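Trainee: Next up, entry16.txt (compact mmCIF, C-alpha atoms).
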```txt
# COMPACT_ATOMS: atom_id res chain seq x y z
CA MET A 1 -8.89 -20.16 -7.36
CA ARG A 2 -5.99 -22.31 -8.52
CA ARG A 3 -4.67 -22.39 -4.97
CA HIS A 4 -7.86 -23.09 -3.01
CA VAL A 5 -10.20 -25.05 -5.33
CA PRO A 6 -8.01 -28.22 -5.33
CA ARG A 7 -8.06 -28.15 -1.53
CA PHE A 8 -11.84 -27.86 -1.43
CA ARG A 9 -12.04 -30.71 -3.91
CA ALA A 10 -9.88 -32.90 -1.63
CA VAL A 11 -12.18 -32.20 1.32
CA ILE A 12 -15.34 -33.01 -0.66
CA VAL A 13 -14.05 -36.23 -2.25
CA ALA A 14 -12.52 -37.53 0.99
CA SER A 15 -15.63 -36.68 3.02
CA SER A 16 -17.94 -38.30 0.47
CA ALA A 17 -15.91 -41.53 0.45
CA LEU A 18 -15.71 -41.78 4.24
CA LEU A 19 -19.32 -40.83 4.96
CA ALA A 20 -20.61 -43.40 2.44
CA LEU A 21 -19.09 -46.40 4.25
CA PRO A 22 -21.67 -46.66 7.10
CA ALA A 23 -24.45 -47.07 4.51
CA LEU A 24 -22.89 -50.20 2.99
CA PRO A 25 -23.66 -53.76 4.04
CA VAL A 26 -21.07 -55.31 6.32
CA ALA A 27 -20.14 -57.88 3.66
CA ASP A 28 -19.23 -55.13 1.19
CA LEU A 29 -17.09 -53.10 3.61
CA PRO A 30 -13.66 -54.70 2.90
CA VAL A 31 -13.74 -54.02 -0.85
CA ALA A 32 -15.64 -50.74 -0.55
CA GLY A 33 -13.33 -49.62 2.25
CA ALA A 34 -10.26 -50.27 0.09
CA ILE A 35 -11.79 -48.28 -2.77
CA ALA A 36 -12.74 -45.42 -0.40
CA ALA A 37 -9.20 -45.43 1.04
CA ALA A 38 -7.76 -45.17 -2.46
CA ALA A 39 -10.13 -42.28 -3.22
CA VAL A 40 -9.09 -40.50 -0.02
CA GLY A 41 -5.40 -41.08 -0.75
CA TRP A 42 -5.69 -39.70 -4.27
CA SER A 43 -7.71 -36.72 -3.05
CA LEU A 44 -4.84 -35.84 -0.70
CA LEU A 45 -2.10 -36.46 -3.29
CA HIS A 46 -3.78 -34.51 -6.10
CA PRO A 47 -3.62 -30.95 -4.60
CA ALA A 48 0.04 -31.38 -3.66
CA TRP A 49 0.93 -32.52 -7.19
CA PHE A 50 -1.20 -29.78 -8.72
CA ALA A 51 0.46 -27.09 -6.56
CA SER A 52 3.93 -28.27 -7.59
CA GLY A 53 3.15 -27.52 -11.24
CA ARG A 54 5.22 -30.51 -12.44
CA ARG A 55 4.06 -32.58 -15.41
CA PRO A 56 0.49 -31.19 -15.61
CA ARG A 57 -0.50 -33.45 -18.52
CA THR A 58 0.55 -36.55 -16.59
CA LEU A 59 -1.47 -35.32 -13.62
CA LEU A 60 -4.51 -34.78 -15.84
CA ALA A 61 -4.24 -38.30 -17.31
CA ALA A 62 -3.75 -39.87 -13.88
CA ASP A 63 -6.67 -37.93 -12.42
CA LEU A 64 -9.04 -38.98 -15.19
CA ALA A 65 -7.88 -42.59 -14.87
CA VAL A 66 -8.54 -42.65 -11.10
CA LEU A 67 -11.93 -40.94 -11.42
CA THR A 68 -12.99 -43.21 -14.29
CA ALA A 69 -12.07 -46.26 -12.24
CA LEU A 70 -13.98 -44.81 -9.29
CA CYS A 71 -17.10 -44.33 -11.44
CA LEU A 72 -16.90 -47.92 -12.71
CA THR A 73 -16.86 -49.30 -9.12
CA GLN A 74 -20.43 -48.21 -8.38
CA ALA A 75 -21.50 -51.84 -8.28
CA LEU A 76 -19.14 -52.28 -5.30
CA THR A 77 -19.37 -48.89 -3.58
CA VAL A 78 -23.07 -48.05 -3.96
CA PRO A 79 -25.57 -50.25 -2.05
CA ALA A 80 -27.98 -52.18 -4.23
CA THR A 81 -30.79 -50.85 -2.05
CA GLN A 82 -30.02 -47.23 -2.81
CA PRO A 83 -32.97 -46.14 -4.95
CA SER A 84 -31.72 -42.89 -6.52
CA HIS A 85 -28.58 -42.37 -8.54
CA GLY A 86 -28.68 -38.68 -7.64
CA SER A 87 -27.78 -39.43 -4.03
CA THR A 88 -24.70 -41.59 -4.65
CA TRP A 89 -21.43 -40.36 -3.19
CA ILE A 90 -19.70 -41.11 -6.49
CA LEU A 91 -21.89 -38.56 -8.27
CA VAL A 92 -21.27 -35.97 -5.53
CA ALA A 93 -17.50 -36.40 -5.84
CA VAL A 94 -17.45 -36.46 -9.63
CA SER A 95 -19.74 -33.44 -9.88
CA PHE A 96 -17.49 -31.37 -7.65
CA VAL A 97 -14.41 -32.45 -9.61
CA ALA A 98 -16.09 -31.40 -12.88
CA VAL A 99 -16.89 -28.02 -11.34
CA ALA A 100 -13.36 -27.66 -9.94
CA TYR A 101 -11.82 -28.14 -13.38
CA GLN A 102 -13.70 -25.10 -14.67
CA PHE A 103 -11.84 -22.91 -12.16
CA THR A 104 -8.37 -24.37 -12.64
CA HIS A 105 -8.05 -25.17 -16.36
CA ARG A 106 -8.74 -23.65 -19.75
CA PRO A 107 -12.30 -23.77 -21.16
CA LEU A 108 -11.64 -26.58 -23.65
CA THR A 109 -9.94 -28.77 -21.05
CA GLY A 110 -12.72 -28.11 -18.55
CA ALA A 111 -15.43 -28.98 -21.08
CA LEU A 112 -13.70 -32.21 -22.17
CA VAL A 113 -13.14 -33.30 -18.57
CA ALA A 114 -16.80 -32.64 -17.69
CA ALA A 115 -17.98 -34.65 -20.69
CA HIS A 116 -15.57 -37.49 -19.87
CA LEU A 117 -16.69 -37.66 -16.23
CA ALA A 118 -20.35 -37.61 -17.26
CA ALA A 119 -19.73 -40.54 -19.63
CA ALA A 120 -17.73 -42.42 -16.97
CA ASP A 121 -20.48 -41.94 -14.40
CA LEU A 122 -23.09 -43.14 -16.87
CA ALA A 123 -20.93 -46.19 -17.68
CA GLY A 124 -20.64 -46.90 -13.95
CA ALA A 125 -24.43 -46.70 -13.58
CA VAL A 126 -24.88 -49.12 -16.49
CA VAL A 127 -22.41 -51.59 -14.93
CA ALA A 128 -24.08 -51.28 -11.51
CA ALA A 129 -27.54 -51.90 -13.04
CA ALA A 130 -26.25 -55.02 -14.79
CA VAL A 131 -24.52 -56.39 -11.67
CA HIS A 132 -27.55 -55.77 -9.47
CA ASP A 133 -29.82 -57.25 -12.15
CA ARG A 134 -31.89 -54.13 -12.60
CA PRO A 135 -32.16 -53.67 -16.38
CA GLY A 136 -32.98 -50.14 -17.39
CA ALA A 137 -32.22 -48.71 -13.96
CA TRP A 138 -29.33 -46.78 -15.46
CA ALA A 139 -31.79 -44.56 -17.35
CA ALA A 140 -32.66 -42.88 -14.04
CA ALA A 141 -29.10 -41.57 -13.96
CA LEU A 142 -29.47 -39.55 -17.15
CA PRO A 143 -31.10 -36.44 -15.57
CA ASN A 144 -28.39 -36.35 -12.88
CA ILE A 145 -25.60 -36.70 -15.43
CA GLY A 146 -27.20 -33.96 -17.50
CA TRP A 147 -27.29 -31.76 -14.41
CA LEU A 148 -23.56 -32.49 -13.90
CA LEU A 149 -22.90 -30.93 -17.31
CA VAL A 150 -25.13 -27.96 -16.47
CA GLN A 151 -23.20 -27.41 -13.23
CA ALA A 152 -19.93 -27.47 -15.14
CA ALA A 153 -21.24 -24.97 -17.70
CA MET A 154 -22.54 -22.63 -14.97
CA SER A 155 -19.21 -22.83 -13.17
CA ARG A 156 -17.38 -21.94 -16.36
CA GLY A 157 -19.72 -18.97 -16.81
CA LEU A 158 -19.11 -17.86 -13.22
CA HIS A 159 -15.36 -18.15 -13.73
CA THR A 160 -15.59 -16.05 -16.90
CA VAL A 161 -17.62 -13.34 -15.19
CA VAL A 162 -15.27 -13.20 -12.19
CA HIS A 163 -12.23 -13.11 -14.47
CA ARG A 164 -13.63 -10.27 -16.57
CA ARG A 165 -14.69 -8.29 -13.51
CA SER A 166 -11.25 -8.85 -12.00
CA ARG A 167 -9.58 -7.54 -15.13
CA ALA A 168 -11.88 -4.52 -15.05
CA ALA A 169 -11.00 -3.96 -11.39
CA ASP A 170 -7.29 -4.26 -12.21
CA ALA A 171 -7.68 -1.73 -15.00
CA ALA A 172 -9.55 0.64 -12.68
CA ALA A 173 -6.87 0.19 -10.01
CA ALA A 174 -4.13 0.90 -12.54
CA GLU A 175 -5.98 4.00 -13.72
CA ALA A 176 -6.41 5.17 -10.13
CA ALA A 177 -2.72 4.53 -9.46
CA ALA A 178 -1.80 6.58 -12.52
CA ALA A 179 -4.08 9.36 -11.30
CA ARG A 180 -2.44 9.23 -7.87
CA ARG A 181 1.00 9.41 -9.46
CA SER A 182 -0.08 12.41 -11.53
CA LEU A 183 -1.48 14.02 -8.39
CA ARG A 184 1.77 13.42 -6.50
CA VAL A 185 3.76 14.91 -9.38
CA ALA A 186 1.47 17.95 -9.41
CA GLU A 187 1.77 18.27 -5.62
CA ALA A 188 5.55 18.01 -5.89
CA ARG A 189 5.57 20.74 -8.49
CA ARG A 190 3.37 22.94 -6.32
CA ALA A 191 5.60 22.23 -3.33
CA ALA A 192 8.67 23.18 -5.36
CA GLU A 193 6.92 26.34 -6.46
CA ARG A 194 5.95 27.19 -2.87
CA THR A 195 9.53 26.57 -1.75
CA HIS A 196 10.85 28.83 -4.49
CA LEU A 197 8.34 31.54 -3.63
CA ALA A 198 9.20 31.24 0.05
CA THR A 199 12.89 31.62 -0.79
CA LEU A 200 12.10 34.70 -2.88
CA HIS A 201 10.08 36.07 0.04
CA ASP A 202 12.97 35.53 2.43
CA THR A 203 15.65 36.94 0.13
CA ALA A 204 14.94 39.27 -2.77
CA CYS A 205 11.55 40.49 -1.52
CA ALA A 206 12.88 41.13 1.98
CA THR A 207 15.87 43.06 0.61
CA LEU A 208 13.70 45.16 -1.70
CA LEU A 209 11.31 45.87 1.15
CA MET A 210 14.22 46.90 3.38
CA ALA A 211 15.48 49.33 0.74
CA SER A 212 12.06 50.75 -0.17
CA LEU A 213 10.61 51.49 3.27
CA PRO A 214 9.78 55.19 3.69
CA GLY A 215 12.54 56.90 5.57
CA ALA A 216 14.89 53.92 5.27
CA SER A 217 18.49 54.90 5.88
CA VAL A 218 20.11 51.70 4.68
CA ARG A 219 23.52 52.30 3.19
CA PRO A 220 24.03 51.17 -0.42
CA GLU A 221 26.86 48.84 0.50
CA VAL A 222 24.58 47.06 2.99
CA VAL A 223 21.91 46.59 0.32
CA ARG A 224 24.57 45.45 -2.13
CA ALA A 225 25.95 42.89 0.29
CA GLN A 226 22.48 41.66 1.16
CA ALA A 227 21.56 41.36 -2.52
CA GLY A 228 24.73 39.35 -3.13
CA ARG A 229 23.81 36.92 -0.36
CA ASP A 230 20.29 36.67 -1.76
CA LEU A 231 21.65 35.83 -5.19
CA ASP A 232 23.89 33.16 -3.71
CA ARG A 233 20.91 31.69 -1.87
CA LEU A 234 18.74 31.64 -4.99
CA THR A 235 21.37 30.06 -7.23
CA ALA A 236 22.83 27.58 -4.73
CA GLU A 237 21.82 23.94 -5.05
CA GLU A 238 21.06 23.60 -1.37
CA ARG A 239 18.14 21.26 -1.76
CA SER A 240 20.06 18.48 -3.39
CA ALA A 241 20.73 15.19 -1.65
CA GLY A 242 23.28 15.09 1.16
CA GLN A 243 23.68 16.50 4.63
CA ALA A 244 24.27 19.87 6.23
CA ASP A 245 25.43 20.92 9.68
CA LEU A 246 22.49 22.54 11.46
CA ARG A 247 24.71 24.42 13.92
CA GLU A 248 26.74 26.07 11.18
CA GLU A 249 23.63 26.93 9.19
CA LEU A 250 21.97 28.60 12.19
CA ILE A 251 25.09 30.52 13.15
CA ARG A 252 25.44 31.92 9.62
CA GLU A 253 21.73 32.74 9.45
CA ALA A 254 21.74 34.56 12.80
CA ALA A 255 24.67 36.71 11.63
CA ARG A 256 22.67 37.95 8.65
CA HIS A 257 20.15 39.89 10.76
CA PRO A 258 20.59 43.28 12.46
CA LEU A 259 19.81 42.07 15.99
CA ARG A 260 21.46 40.16 18.80
CA ALA A 261 20.55 36.50 18.30
CA GLU A 262 21.66 34.28 21.18
CA LEU A 263 22.07 30.61 20.25
CA ARG A 264 21.39 28.19 23.10
CA TRP A 265 22.57 24.69 22.28
CA HIS A 266 20.81 21.96 24.30
CA VAL A 267 22.10 19.11 22.19
CA HIS A 268 24.74 16.75 23.57
CA GLY A 269 28.15 18.10 22.58
CA GLN A 270 28.99 21.26 20.70
CA GLY A 271 30.15 19.64 17.45
CA ARG A 272 28.43 19.07 14.14
CA VAL A 273 24.77 18.08 13.93
CA PRO A 274 24.41 16.59 10.44
CA LEU A 275 20.88 16.60 9.07
CA TRP A 276 19.31 15.77 5.75
CA ARG A 277 20.09 18.93 3.76
CA PRO A 278 16.47 19.87 2.82
CA ALA A 279 15.51 19.61 6.51
CA ALA A 280 18.49 21.70 7.65
CA VAL A 281 17.68 24.31 4.97
CA ALA A 282 14.02 24.40 6.02
CA LEU A 283 14.97 24.88 9.69
CA ARG A 284 17.50 27.57 8.80
CA ASP A 285 15.20 29.51 6.48
CA SER A 286 12.25 29.27 8.87
CA CYS A 287 14.48 30.53 11.66
CA GLY A 288 15.59 33.39 9.40
CA GLU A 289 12.00 34.38 8.64
CA ALA A 290 11.22 34.39 12.36
CA LEU A 291 14.23 36.69 12.99
CA ARG A 292 13.11 39.03 10.21
CA ASN A 293 9.72 39.31 11.86
CA VAL A 294 11.40 40.17 15.13
CA VAL A 295 13.28 43.02 13.43
CA ARG A 296 10.19 44.31 11.65
CA HIS A 297 7.45 43.92 14.19
CA ALA A 298 8.62 42.98 17.70
CA GLY A 299 10.15 46.31 18.65
CA VAL A 300 13.18 44.65 20.27
CA ASP A 301 16.72 44.00 19.12
CA ARG A 302 17.26 40.64 20.79
CA ALA A 303 16.03 37.09 20.18
CA VAL A 304 16.92 33.67 21.56
CA ILE A 305 17.40 30.62 19.34
CA THR A 306 17.19 27.35 21.26
CA VAL A 307 18.11 23.98 19.75
CA GLY A 308 17.21 20.73 21.50
CA ARG A 309 16.21 17.14 21.00
CA ARG A 310 12.84 15.45 21.18
CA GLY A 311 13.23 11.72 20.82
CA ASP A 312 14.93 11.13 17.49
CA GLY A 313 14.06 14.60 16.24
CA VAL A 314 15.41 18.11 16.61
CA VAL A 315 13.47 21.15 17.86
CA VAL A 316 14.42 24.77 17.16
CA THR A 317 12.61 27.65 18.85
CA VAL A 318 12.95 31.38 18.22
CA GLU A 319 11.68 33.59 21.06
CA ASP A 320 11.54 37.31 21.62
CA GLY A 321 10.18 39.52 24.37
CA GLY A 322 8.60 42.00 21.99
CA ARG A 323 5.13 43.40 21.61
CA GLY A 324 3.58 40.16 20.31
CA PHE A 325 0.38 39.87 18.31
CA ASP A 326 -2.90 38.00 18.02
CA VAL A 327 -2.20 35.05 15.72
CA ALA A 328 -5.90 34.58 14.86
CA ALA A 329 -6.26 38.22 13.84
CA VAL A 330 -3.51 38.27 11.19
CA PRO A 331 -4.99 39.52 7.87
CA GLY A 332 -5.06 37.13 4.94
CA HIS A 333 -2.56 39.20 2.92
CA LYS A 334 0.02 39.03 5.71
CA GLN A 335 0.93 35.37 5.82
CA GLY A 336 4.73 35.48 5.98
CA LEU A 337 4.98 33.12 8.93
CA ALA A 338 2.35 30.73 7.56
CA ARG A 339 3.87 30.50 4.10
CA SER A 340 7.56 30.87 4.88
CA VAL A 341 7.59 28.83 8.09
CA VAL A 342 4.63 26.49 8.49
CA GLU A 343 4.41 25.39 4.85
CA ARG A 344 8.17 25.18 4.48
CA MET A 345 8.45 22.78 7.44
CA ARG A 346 5.48 20.76 6.26
CA ALA A 347 7.11 20.34 2.84
CA VAL A 348 10.04 18.40 4.38
CA GLY A 349 7.89 16.37 6.79
CA GLY A 350 8.32 18.66 9.78
CA HIS A 351 6.07 20.82 11.93
CA ALA A 352 5.92 24.47 12.88
CA ALA A 353 3.81 26.42 15.34
CA VAL A 354 3.58 30.12 16.19
CA VAL A 355 2.51 31.16 19.69
CA SER A 356 2.07 34.84 20.50
CA ARG A 357 -0.05 37.20 22.54
CA PRO A 358 -0.11 40.99 22.56
CA GLY A 359 2.46 42.25 25.06
CA GLU A 360 3.91 38.78 25.75
CA GLY A 361 6.32 38.30 22.88
CA THR A 362 6.36 35.61 20.18
CA ARG A 363 7.59 32.03 20.13
CA VAL A 364 8.13 30.14 16.87
CA ARG A 365 8.66 26.38 17.35
CA LEU A 366 10.17 24.28 14.53
CA GLU A 367 10.43 20.49 14.69
CA TRP A 368 11.85 17.91 12.33
CA PRO A 369 11.14 14.43 13.69
CA ARG A 370 13.89 12.35 12.03
CA ALA A 371 17.19 13.92 13.00
```
Could you show the structure in this file as structure tokens?
Mentor:
Amino acid sequence: MRRHVPRFRAVIVASSALLALPALPVADLPVAGAIAAAAVGWSLLHPAWFASGRRPRTLLAADLAVLTALCLTQALTVPATQPSHGSTWILVAVSFVAVAYQFTHRPLTGALVAAHLAAADLAGAVVAAAVHDRPGAWAAALPNIGWLLVQAAMSRGLHTVVHRRSRAADAAAAEAAAARRSLRVAEARRAAERTHLATLHDTACATLLMASLPGASVRPEVVRAQAGRDLDRLTAEERSAGQADLREELIREAARHPLRAELRWHVHGQGRVPLWRPAAVALRDSCGEALRNVVRHAGVDRAVITVGRRGDGVVVTVEDGGRGFDVAAVPGHKQGLARSVVERMRAVGGHAAVVSRPGEGTRVRLEWPRA
């Protein structure tokens, strides 16, 4: 309101002054034209001064002085033949100024300015009636001046309502923002919990399952070594800030599984591929879960890990030529791939997809888009 109302005021005052000139007698045009030009000039200067914020009290005094002088010139700027005070351009301009003050200043200032402009307009009507020798004609201006005060009061009421509603909207927005922050915190906690559970699934649970399978012939030293690696994984601070080399992570992960994992590197060069550590960890652990599923369910002892680029991202696929399965028919209690792969990649902003058909092997595709 403080930014736009002064501009609207300038348009109204300038338009009123210019559009009133054709109604004046030719003999009155030089003086009336000079007064209208001064009104237009002040209407253009006022919003610029107001926007600058410099010396607001001086601006207020200057504005009231100009408007008071404008009201007192009605004998020169309003034709003597104009029958109704309510249709004078001076009243239109002054009324809009009184309304504008209600949206740009404090209530007391707005009320005093409205009362001052009403008195100035009435004084101008009295002077015009005396000059044009129409005693008592000024009394016809009283209803219009009273309506000026009513307009100012209604504008102040509108400003108060809008201000209160705006504060209520701000409070509601702040409350909604706090609720969103709480929701994000809760989601982050759930994501951390899912990540921890996925890590447990990939480490301790997998090792315990390996040792407890009926007829398992796993040597104690193998279980011991695997449990040691699991403990290192669970206690390591791998998800802190920093970077990790994806190639090294995948090579180490492939060596942990009892199958032949061939790594095909389709990235330019054979050196380091530094990634944001949480993304590298998610790709590594998802790849490890896919290899575990090959060992458990595919019926083959070989898998191919392919690493390539897609735009600015990196894509890792794990493929086997095993027995495959129907993805849509997986029971609800067997969601290792969904929880340890799909959700893990989603948690770091990546994507994962599992494609498999009975007798045609399985392909797990992992993508992180901001390598």
Trainee: Any idea what the distance is between atom CA of Ile12 of chain A and atom CA of Ala137 of chain A?
Mentor: 26.6 Å
Trainee: So that all listed atoms of segment 342-346 of chain A fit with 5 Å spare on each side, what axis-aligned box centre and edge lengths in Å, to one decimal, would you give as JSON?
Mentor:
```
{"center_x": 6.4, "center_y": 23.6, "center_z": 6.5, "size_x": 14.0, "size_y": 15.7, "size_z": 14.0}
```
Trainee: From the set A:Pro278, A:Glu319, A:Val97, A:Arg292, which residue has the shortest atom-to-atom contact distance to Arg264 of chain A, counting all atoms listed in the file?
Mentor: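 Between A:Pro278, A:Glu319, A:Val97, A:Arg292, the residue approaching Arg264 of chain A most closely is A:Glu319.
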Trainee: Given the choices A:Ala34, A:Leu291, A:Cys205, A:Ala125, which gets closest to Cys71 of chain A if the distance is worked out from all atoms listed in the file?
Mentor: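 The closest residue to Cys71 of chain A is A:Ala125.
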Trainee: Check the smallest atom-to-atom distance from each of A:Leu91, A:Leu158, A:Val40, A:Ser356 to Pro143 of chain A using only C-alpha atoms, then report the winner.
Mentor: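 Among A:Leu91, A:Leu158, A:Val40, A:Ser356, it is A:Leu91 that comes nearest to Pro143 of chain A.
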Trainee: So, with all atoms listed in the file as the atoms that count, which of A:Ala80, A:Ala261, A:Ala353, A:Thr104 lies closest to Ala128 of chain A?
Mentor: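 The closest residue to Ala128 of chain A is A:Ala80.
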Trainee: Quick one, how far is atom CA of Arg134 of chain A from atom CA of Ala20 of chain A?
Mentor: 21.6 Å
Trainee: Around the point (10.2, 27.8, 16.0) in the file's coordinates, collect all residues with an atom within 6 Å, using all atoms listed in the file, and return them as a PDB file with C-alpha atoms, in the frame of the given file.
Mentor:
```pdb
ATOM      1  CA  VAL A 316      14.420  24.770  17.160  1.00  0.00           C
ATOM      2  CA  THR A 317      12.610  27.650  18.850  1.00  0.00           C
ATOM      3  CA  VAL A 318      12.950  31.380  18.220  1.00  0.00           C
ATOM      4  CA  VAL A 364       8.130  30.140  16.870  1.00  0.00           C
ATOM      5  CA  ARG A 365       8.660  26.380  17.350  1.00  0.00           C
ATOM      6  CA  LEU A 366      10.170  24.280  14.530  1.00  0.00           C
TER       7      LEU A 366
END
```
Trainee: Quick one: everything within 9 Å of segment 240-256 of chain A, counting all atoms listed in the file, minus sequence neighbours fewer than 6 positions away in the same chain. Send it as a ChimeraX atom specification.
Mentor: /A:226,262-263,265,270-281,283-285,287-288,291,305,307
Trainee: Enter the distance from atom CA of Thr199 of chain A to atom CA of His257 of chain A, in Å, rounded to one decimal.
Mentor: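 Between these atoms lies a distance of 16.0 Å.
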Trainee: Using all atoms listed in the file, can you list as a PyMOL selection string the residues within 9 Å of (17.4, 42.0, -2.8)?
Mentor: chain A and resi 203-211+223-224+226-231
Trainee: If you count only C-alpha atoms, which residues fall within 10 Å of Ala111 of chain A, apart from same-chain ones fewer than 2 positions away, as a PyMOL selection string?
Mentor: chain A and resi 98-99+101-102+105-109+113-116+149+152-153+156
Trainee: Rank A:Ser212, A:Thr58, A:Thr68, A:Thr306 by their smallest atom-to-atom distance to Gly124 of chain A, using all atoms listed in the file, and report the top residue only.
Mentor: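 Of all the options, A:Thr68 lies closest to Gly124 of chain A.
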Trainee: Pick from A:Gly146, A:Gly110, A:Pro79, A:Gly299: nearest to Pro25 of chain A, with all atoms listed in the file counted?
Mentor: A:Pro79
Trainee: Segment 280-292 of chain A from the block above, N, CA, C and O atoms, as a PDB file, in the first residue's frame, please?
Mentor:
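Writing the result to result-v9.pdb gives the following:
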```
ATOM      1  N   ALA A 280      27.742 -42.436  -2.757  1.00  0.00           N
ATOM      2  CA  ALA A 280      28.627 -43.573  -3.026  1.00  0.00           C
ATOM      3  C   ALA A 280      28.282 -44.753  -2.123  1.00  0.00           C
ATOM      4  O   ALA A 280      28.271 -45.916  -2.561  1.00  0.00           O
ATOM      5  N   VAL A 281      27.977 -44.477  -0.845  1.00  0.00           N
ATOM      6  CA  VAL A 281      27.611 -45.535   0.097  1.00  0.00           C
ATOM      7  C   VAL A 281      26.304 -46.190  -0.327  1.00  0.00           C
ATOM      8  O   VAL A 281      26.149 -47.426  -0.271  1.00  0.00           O
ATOM      9  N   ALA A 282      25.329 -45.376  -0.760  1.00  0.00           N
ATOM     10  CA  ALA A 282      24.045 -45.937  -1.190  1.00  0.00           C
ATOM     11  C   ALA A 282      24.220 -46.819  -2.419  1.00  0.00           C
ATOM     12  O   ALA A 282      23.633 -47.906  -2.512  1.00  0.00           O
ATOM     13  N   LEU A 283      25.033 -46.380  -3.385  1.00  0.00           N
ATOM     14  CA  LEU A 283      25.289 -47.201  -4.574  1.00  0.00           C
ATOM     15  C   LEU A 283      26.014 -48.486  -4.195  1.00  0.00           C
ATOM     16  O   LEU A 283      25.680 -49.571  -4.686  1.00  0.00           O
ATOM     17  N   ARG A 284      27.000 -48.384  -3.326  1.00  0.00           N
ATOM     18  CA  ARG A 284      27.754 -49.570  -2.907  1.00  0.00           C
ATOM     19  C   ARG A 284      26.866 -50.563  -2.169  1.00  0.00           C
ATOM     20  O   ARG A 284      26.854 -51.769  -2.479  1.00  0.00           O
ATOM     21  N   ASP A 285      26.100 -50.088  -1.183  1.00  0.00           N
ATOM     22  CA  ASP A 285      25.273 -50.995  -0.393  1.00  0.00           C
ATOM     23  C   ASP A 285      24.147 -51.598  -1.224  1.00  0.00           C
ATOM     24  O   ASP A 285      23.779 -52.765  -1.025  1.00  0.00           O
ATOM     25  N   SER A 286      23.569 -50.810  -2.129  1.00  0.00           N
ATOM     26  CA  SER A 286      22.523 -51.355  -3.003  1.00  0.00           C
ATOM     27  C   SER A 286      23.099 -52.419  -3.922  1.00  0.00           C
ATOM     28  O   SER A 286      22.465 -53.457  -4.173  1.00  0.00           O
ATOM     29  N   CYS A 287      24.312 -52.162  -4.426  1.00  0.00           N
ATOM     30  CA  CYS A 287      24.976 -53.162  -5.258  1.00  0.00           C
ATOM     31  C   CYS A 287      25.242 -54.430  -4.441  1.00  0.00           C
ATOM     32  O   CYS A 287      25.053 -55.553  -4.926  1.00  0.00           O
ATOM     33  N   GLY A 288      25.672 -54.258  -3.180  1.00  0.00           N
ATOM     34  CA  GLY A 288      25.913 -55.418  -2.330  1.00  0.00           C
ATOM     35  C   GLY A 288      24.663 -56.227  -2.077  1.00  0.00           C
ATOM     36  O   GLY A 288      24.689 -57.467  -2.091  1.00  0.00           O
ATOM     37  N   GLU A 289      23.521 -55.563  -1.857  1.00  0.00           N
ATOM     38  CA  GLU A 289      22.276 -56.288  -1.657  1.00  0.00           C
ATOM     39  C   GLU A 289      21.879 -57.049  -2.914  1.00  0.00           C
ATOM     40  O   GLU A 289      21.385 -58.190  -2.835  1.00  0.00           O
ATOM     41  N   ALA A 290      22.106 -56.448  -4.082  1.00  0.00           N
ATOM     42  CA  ALA A 290      21.801 -57.151  -5.329  1.00  0.00           C
ATOM     43  C   ALA A 290      22.684 -58.394  -5.472  1.00  0.00           C
ATOM     44  O   ALA A 290      22.208 -59.458  -5.904  1.00  0.00           O
ATOM     45  N   LEU A 291      23.966 -58.301  -5.104  1.00  0.00           N
ATOM     46  CA  LEU A 291      24.851 -59.462  -5.190  1.00  0.00           C
ATOM     47  C   LEU A 291      24.429 -60.540  -4.193  1.00  0.00           C
ATOM     48  O   LEU A 291      24.510 -61.745  -4.490  1.00  0.00           O
ATOM     49  N   ARG A 292      23.996 -60.155  -2.997  1.00  0.00           N
ATOM     50  CA  ARG A 292      23.519 -61.145  -2.044  1.00  0.00           C
ATOM     51  C   ARG A 292      22.310 -61.896  -2.584  1.00  0.00           C
ATOM     52  O   ARG A 292      22.167 -63.103  -2.376  1.00  0.00           O
TER      53      ARG A 292
END
```
